[in-house]
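To start, the structure under review is shown below, and the notes come after it.
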Amino acid sequence: MAVDFDLIVAEGLAALAAADGSGALERWRVAHLGRSAPVMAALGTLGALPKEDRRAFGQRGNQARQALERAYEEAAARVRQAELSRDLEAGAVDVTAPGRRRGRGRLHPTTRTLRKIYAIFGEMGFQIYRSRDVETDEYNFSLLNIPPHHPARDMWDTFYTTAPNVILRTHTSPGQIHVMRERCPEPIRVILPGMCYRYEQITARSDIQFYQVEGLAIGRRITMADLKGTLTAFAHALFGSEVRTRFRADHFPFTEPSAEMDVECFVCEGQGCPVCKQSGWLEILGCGMVHPVVLQNGGYDPREFSGFAFGMGPQRITMLMHKIEDIRYFFSNDVRFLEQF
Ligand code: DAH
């Protein structure tokens, strides 16, 4: 029986023009391109034809099928577009409304304080030295003149790992030994920022993880006057040039003599308020002249070299500057806290 492929295509295209939705379109696809569609059925008879007719028949059949397929793709695209427009018109989406503005990111308040500290010490010639968070017991304690069983270790209980003597550092001070051993006998002027860890009760004032910024200067004629001058200049740059400062004697095993530095309370300007606990002063860092034993452990001969060191908590300073009452906000990941800065 002769097959009229032109008629099959013509009927298919006529039916397609009437298909006006995705449902009708799918029914059309099954009827006109599916397994029992006329064009497919005709192509299925190819094997029964005399050999000499097969080639021409197959060609015409494939052309017809391709014509229907092309028409289908075009119709499908048209229907999709029409349905999309209809949905947009019917739905609540107002495509002419202005876009929603993205919230701008900002730096974490601690990062901002850290960057100010870096800039101030950078201008005074201090380099940033990155030291490791994971330390040995020796670096964290013994080499800093805190022997095993020394009661000072009670102040710095830490996290231990399963490897013997490998701990998370409780302060940035072990970095002092690393720089000294690396740079000896060169003079040193570095700050060592980084995270510290302590095994403590988490409260509004103390977390188990916090930042410190350590400082170290080693040279041949460094005195307590250099320490006081450097740290006073730092406080003036960070808190304002009028702010008063004072040093109080204190004790740290790795410095001798040791001191704490206070700045005049910038909340009440020294009058006394809840932030400074009515004292008029805020404690911002510990400092001192590097202990001869520590110098020696770093490779420096204490008869020739001297130096000063200091350590501060930038989060505590940030809390004072912004009257933040709870240190836990820093890592609680609450954008409402962060958006205030
Ligand atoms: N490492 C001390 C602490 O965590 C802080 C400190 C005090 C560091 C005095 C120093 C220093 O370098 O001289 O409490």
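Please note that chains go A, B, ... in the order of the structure tokens, that every chain numbers its residues from 1, and that ligands are numbered from 1 in the order shown.
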Selection near range 64-79 of chain A, 8 Å with only C-alpha atoms, sequence-local residues under 2 positions removed, as a tab-separated table (two decimals) with all heavy atoms, in the first residue's frame:
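The resulting around-v4.tsv:
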chain	number	residue	atom	x	y	z
A	5	PHE	N	3.17	10.30	2.86
A	5	PHE	CA	3.81	10.99	3.98
A	5	PHE	C	3.42	12.46	4.03
A	5	PHE	O	3.31	13.04	5.12
A	5	PHE	CB	5.34	10.85	3.89
A	5	PHE	CG	5.83	9.51	4.37
A	5	PHE	CD1	6.42	8.61	3.48
A	5	PHE	CD2	5.69	9.13	5.70
A	5	PHE	CE1	6.86	7.37	3.92
A	5	PHE	CE2	6.14	7.90	6.14
A	5	PHE	CZ	6.73	7.01	5.25
A	6	ASP	N	3.21	13.08	2.87
A	6	ASP	CA	2.81	14.49	2.87
A	6	ASP	C	1.49	14.69	3.61
A	6	ASP	O	1.32	15.64	4.36
A	6	ASP	CB	2.68	15.01	1.44
A	6	ASP	CG	4.05	15.07	0.76
A	6	ASP	OD1	5.05	15.09	1.53
A	6	ASP	OD2	4.11	15.09	-0.47
A	8	ILE	N	0.30	12.69	5.95
A	8	ILE	CA	0.52	12.47	7.39
A	8	ILE	C	1.04	13.75	8.04
A	8	ILE	O	0.56	14.18	9.10
A	8	ILE	CB	1.54	11.32	7.60
A	8	ILE	CG1	0.90	9.99	7.21
A	8	ILE	CG2	2.00	11.28	9.05
A	8	ILE	CD1	1.83	8.79	7.33
A	9	VAL	N	2.00	14.40	7.37
A	9	VAL	CA	2.56	15.64	7.94
A	9	VAL	C	1.49	16.73	7.98
A	9	VAL	O	1.32	17.41	8.99
A	9	VAL	CB	3.79	16.11	7.12
A	9	VAL	CG1	4.25	17.49	7.56
A	9	VAL	CG2	4.93	15.11	7.26
A	12	GLY	N	-0.87	16.09	10.74
A	12	GLY	CA	-0.20	16.31	12.04
A	12	GLY	C	-0.10	17.80	12.34
A	12	GLY	O	-0.43	18.24	13.45
A	13	LEU	N	0.32	18.60	11.35
A	13	LEU	CA	0.49	20.03	11.60
A	13	LEU	C	-0.85	20.70	11.89
A	13	LEU	O	-0.93	21.58	12.76
A	13	LEU	CB	1.16	20.70	10.40
A	13	LEU	CG	2.62	20.27	10.14
A	13	LEU	CD1	3.21	21.04	8.96
A	13	LEU	CD2	3.49	20.45	11.37
A	16	LEU	N	-1.71	19.97	15.37
A	16	LEU	CA	-0.82	20.67	16.30
A	16	LEU	C	-1.26	22.12	16.50
A	16	LEU	O	-1.18	22.65	17.59
A	16	LEU	CB	0.62	20.62	15.75
A	16	LEU	CG	1.71	21.15	16.69
A	16	LEU	CD1	1.72	20.36	18.00
A	16	LEU	CD2	3.07	21.08	16.02
A	20	ASP	N	-3.46	23.81	22.42
A	20	ASP	CA	-3.21	25.12	22.99
A	20	ASP	C	-2.69	25.09	24.44
A	20	ASP	O	-2.59	26.10	25.08
A	20	ASP	CB	-4.47	25.97	22.90
A	20	ASP	CG	-5.62	25.27	23.61
A	20	ASP	OD1	-5.43	24.12	24.08
A	20	ASP	OD2	-6.72	25.86	23.68
A	21	GLY	N	-2.40	23.90	24.94
A	21	GLY	CA	-1.88	23.85	26.30
A	21	GLY	C	-0.90	22.70	26.41
A	21	GLY	O	-0.76	21.90	25.48
A	22	SER	N	-0.23	22.61	27.57
A	22	SER	CA	0.80	21.57	27.66
A	22	SER	C	0.19	20.18	27.69
A	22	SER	O	0.77	19.23	27.20
A	22	SER	CB	1.69	21.81	28.89
A	22	SER	OG	0.90	22.03	30.03
A	25	LEU	N	-0.72	19.32	24.11
A	25	LEU	CA	0.54	19.13	23.38
A	25	LEU	C	1.10	17.73	23.62
A	25	LEU	O	1.57	17.07	22.69
A	25	LEU	CB	1.53	20.18	23.88
A	25	LEU	CG	2.67	20.53	22.94
A	25	LEU	CD1	2.13	21.14	21.66
A	25	LEU	CD2	3.61	21.49	23.63
A	29	ARG	N	1.78	14.69	21.02
A	29	ARG	CA	3.08	14.04	20.85
A	29	ARG	C	2.91	12.52	20.82
A	29	ARG	O	3.51	11.83	19.97
A	29	ARG	CB	4.02	14.44	22.00
A	29	ARG	CG	5.49	14.08	21.74
A	29	ARG	CD	6.34	14.28	22.98
A	29	ARG	NE	5.91	13.41	24.09
A	29	ARG	CZ	6.18	12.11	24.17
A	29	ARG	NH1	6.89	11.53	23.23
A	29	ARG	NH2	5.73	11.39	25.19
A	32	HIS	N	1.11	11.60	17.44
A	32	HIS	CA	1.76	11.86	16.15
A	32	HIS	C	3.24	11.50	16.11
A	32	HIS	O	3.83	11.46	15.03
A	32	HIS	CB	1.55	13.33	15.75
A	32	HIS	CG	0.12	13.65	15.47
A	32	HIS	ND1	-0.45	13.51	14.23
A	32	HIS	CD2	-0.88	14.05	16.31
A	32	HIS	CE1	-1.73	13.83	14.30
A	32	HIS	NE2	-2.02	14.15	15.56
A	33	LEU	N	3.84	11.27	17.27
A	33	LEU	CA	5.25	10.86	17.26
A	33	LEU	C	5.50	9.62	18.12
A	33	LEU	O	6.60	9.11	18.19
A	33	LEU	CB	6.14	12.02	17.77
A	33	LEU	CG	6.33	13.18	16.78
A	33	LEU	CD1	6.94	14.39	17.50
A	33	LEU	CD2	7.23	12.77	15.61
A	39	VAL	N	3.20	7.95	11.21
A	39	VAL	CA	4.52	7.99	10.59
A	39	VAL	C	5.40	6.86	11.10
A	39	VAL	O	6.16	6.24	10.34
A	39	VAL	CB	5.18	9.38	10.79
A	39	VAL	CG1	5.58	9.61	12.24
A	39	VAL	CG2	6.40	9.55	9.89
A	40	MET	N	5.23	6.51	12.39
A	40	MET	CA	6.04	5.44	12.98
A	40	MET	C	5.57	4.08	12.44
A	40	MET	O	6.39	3.22	12.11
A	40	MET	CB	5.93	5.46	14.50
A	40	MET	CG	6.52	6.72	15.12
A	40	MET	SD	8.22	7.01	14.59
A	40	MET	CE	8.67	8.31	15.69
A	60	ARG	N	11.88	9.37	2.79
A	60	ARG	CA	10.67	10.20	2.91
A	60	ARG	C	10.06	10.09	4.30
A	60	ARG	O	9.62	11.06	4.89
A	60	ARG	CB	9.65	9.77	1.84
A	60	ARG	CG	9.95	10.43	0.48
A	60	ARG	CD	8.82	10.17	-0.49
A	60	ARG	NE	8.74	8.77	-0.86
A	60	ARG	CZ	7.64	8.00	-0.79
A	60	ARG	NH1	6.51	8.53	-0.39
A	60	ARG	NH2	7.67	6.74	-1.11
A	61	GLY	N	10.09	8.87	4.83
A	61	GLY	CA	9.52	8.66	6.17
A	61	GLY	C	10.27	9.46	7.22
A	61	GLY	O	9.68	10.13	8.08
A	62	ASN	N	11.61	9.42	7.16
A	62	ASN	CA	12.41	10.16	8.16
A	62	ASN	C	12.21	11.65	8.03
A	62	ASN	O	12.15	12.37	9.04
A	62	ASN	CB	13.88	9.80	8.02
A	62	ASN	CG	14.19	8.49	8.73
A	62	ASN	OD1	13.59	8.20	9.76
A	62	ASN	ND2	15.09	7.70	8.17
A	81	GLN	N	6.02	29.53	26.89
A	81	GLN	CA	6.08	30.98	27.04
A	81	GLN	C	4.70	31.55	27.37
A	81	GLN	O	4.56	32.37	28.28
A	81	GLN	CB	6.61	31.59	25.74
A	81	GLN	CG	7.04	33.04	25.87
A	81	GLN	CD	8.05	33.23	27.01
A	81	GLN	OE1	9.04	32.52	27.09
A	81	GLN	NE2	7.76	34.17	27.90
A	82	ALA	N	3.68	31.03	26.67
A	82	ALA	CA	2.32	31.52	26.90
A	82	ALA	C	1.87	31.19	28.32
A	82	ALA	O	1.28	32.02	29.01
A	82	ALA	CB	1.36	30.89	25.89
A	83	GLU	N	2.19	29.98	28.77
A	83	GLU	CA	1.77	29.60	30.12
A	83	GLU	C	2.48	30.42	31.18
A	83	GLU	O	1.92	30.80	32.19
A	83	GLU	CB	1.99	28.10	30.34
A	83	GLU	CG	0.98	27.29	29.52
A	83	GLU	CD	1.05	25.79	29.77
A	83	GLU	OE1	2.04	25.33	30.37
A	83	GLU	OE2	0.11	25.09	29.34
Name the residues in contact with range 298-305 of chain A at a cut-off of 9 Å, using only C-alpha atoms, excluding same-chain residues fewer than 6 positions from it; report them as a PDB file with C-alpha atoms, in the first residue's frame.
ATOM      1  CA  LEU A 143      60.180  27.656  78.108  1.00  0.00           C
ATOM      2  CA  GLN A 176      57.748  34.606  71.653  1.00  0.00           C
ATOM      3  CA  ILE A 177      59.999  31.544  71.835  1.00  0.00           C
ATOM      4  CA  HIS A 178      59.309  30.633  68.189  1.00  0.00           C
ATOM      5  CA  VAL A 179      60.245  34.111  66.887  1.00  0.00           C
ATOM      6  CA  MET A 180      63.314  34.347  69.092  1.00  0.00           C
ATOM      7  CA  ARG A 181      64.634  30.964  68.004  1.00  0.00           C
ATOM      8  CA  GLU A 182      63.993  31.865  64.384  1.00  0.00           C
ATOM      9  CA  CYS A 184      68.304  35.120  67.031  1.00  0.00           C
ATOM     10  CA  PRO A 185      70.636  37.110  67.138  1.00  0.00           C
ATOM     11  CA  PRO A 187      66.723  42.413  66.971  1.00  0.00           C
ATOM     12  CA  ILE A 218      64.245  42.449  71.663  1.00  0.00           C
ATOM     13  CA  GLY A 219      67.394  44.478  71.230  1.00  0.00           C
ATOM     14  CA  ARG A 220      70.627  45.549  72.881  1.00  0.00           C
ATOM     15  CA  ARG A 221      69.481  48.540  74.898  1.00  0.00           C
ATOM     16  CA  ILE A 222      65.775  48.127  75.408  1.00  0.00           C
ATOM     17  CA  HIS A 291      62.645  37.456  81.890  1.00  0.00           C
ATOM     18  CA  PRO A 292      66.346  36.512  81.479  1.00  0.00           C
TER      19      PRO A 292
END
Practice problem: Give the residue list for ligand 1 at 6 Å, counting only C-alpha atoms and all ligand atoms, as JSON, numbers by chain, sorted by chain and then by residue number. | Solution: {"A": [171, 173, 214, 252, 255, 286, 287, 288, 309, 310, 311]}
Quiz item: Quick one: distance from CA of Asp154 in chain A to CA of Ile208 in chain A in Å, one decimal?
Solution: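 These atoms are spaced 14.9 Å apart.
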Practice problem: Please run DSSP on the backbone and report, as a PyMOL selection string, all residues within range 155-318 of chain A that come out as strand (DSSP E). | Solution: chain A and resi 166-168+188-197+209-219+245-252+255-264+281-290+306-312
Self-check item: Test item, helix (DSSP H, G or I) assignment across range 186-228 of chain A, answer as a PyMOL selection string
Solution: chain A and resi 224-228
With C-alpha atoms retained, write the just-selected residues as a PDB file, in the first residue's frame.
ATOM      1  CA  MET A 224      61.290  49.805  80.673  1.00  0.00           C
ATOM      2  CA  ALA A 225      61.104  53.349  79.251  1.00  0.00           C
ATOM      3  CA  ASP A 226      60.715  51.845  75.753  1.00  0.00           C
ATOM      4  CA  LEU A 227      57.941  49.612  77.016  1.00  0.00           C
ATOM      5  CA  LYS A 228      56.078  52.507  78.617  1.00  0.00           C
TER       6      LYS A 228
END
Self-check item: Gap from CA of Asp250 in chain A to CA of Met289 in chain A - Å, one decimal
Solution: 11.8 Å
Quiz item: Nearest to Leu231 in chain A: which of A:Tyr211, A:Thr110, A:Arg132, A:Ile120 is it, counting only C-alpha atoms?
Solution: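 Looking at the shortest contact to Leu231 in chain A, the residue is A:Ile120.
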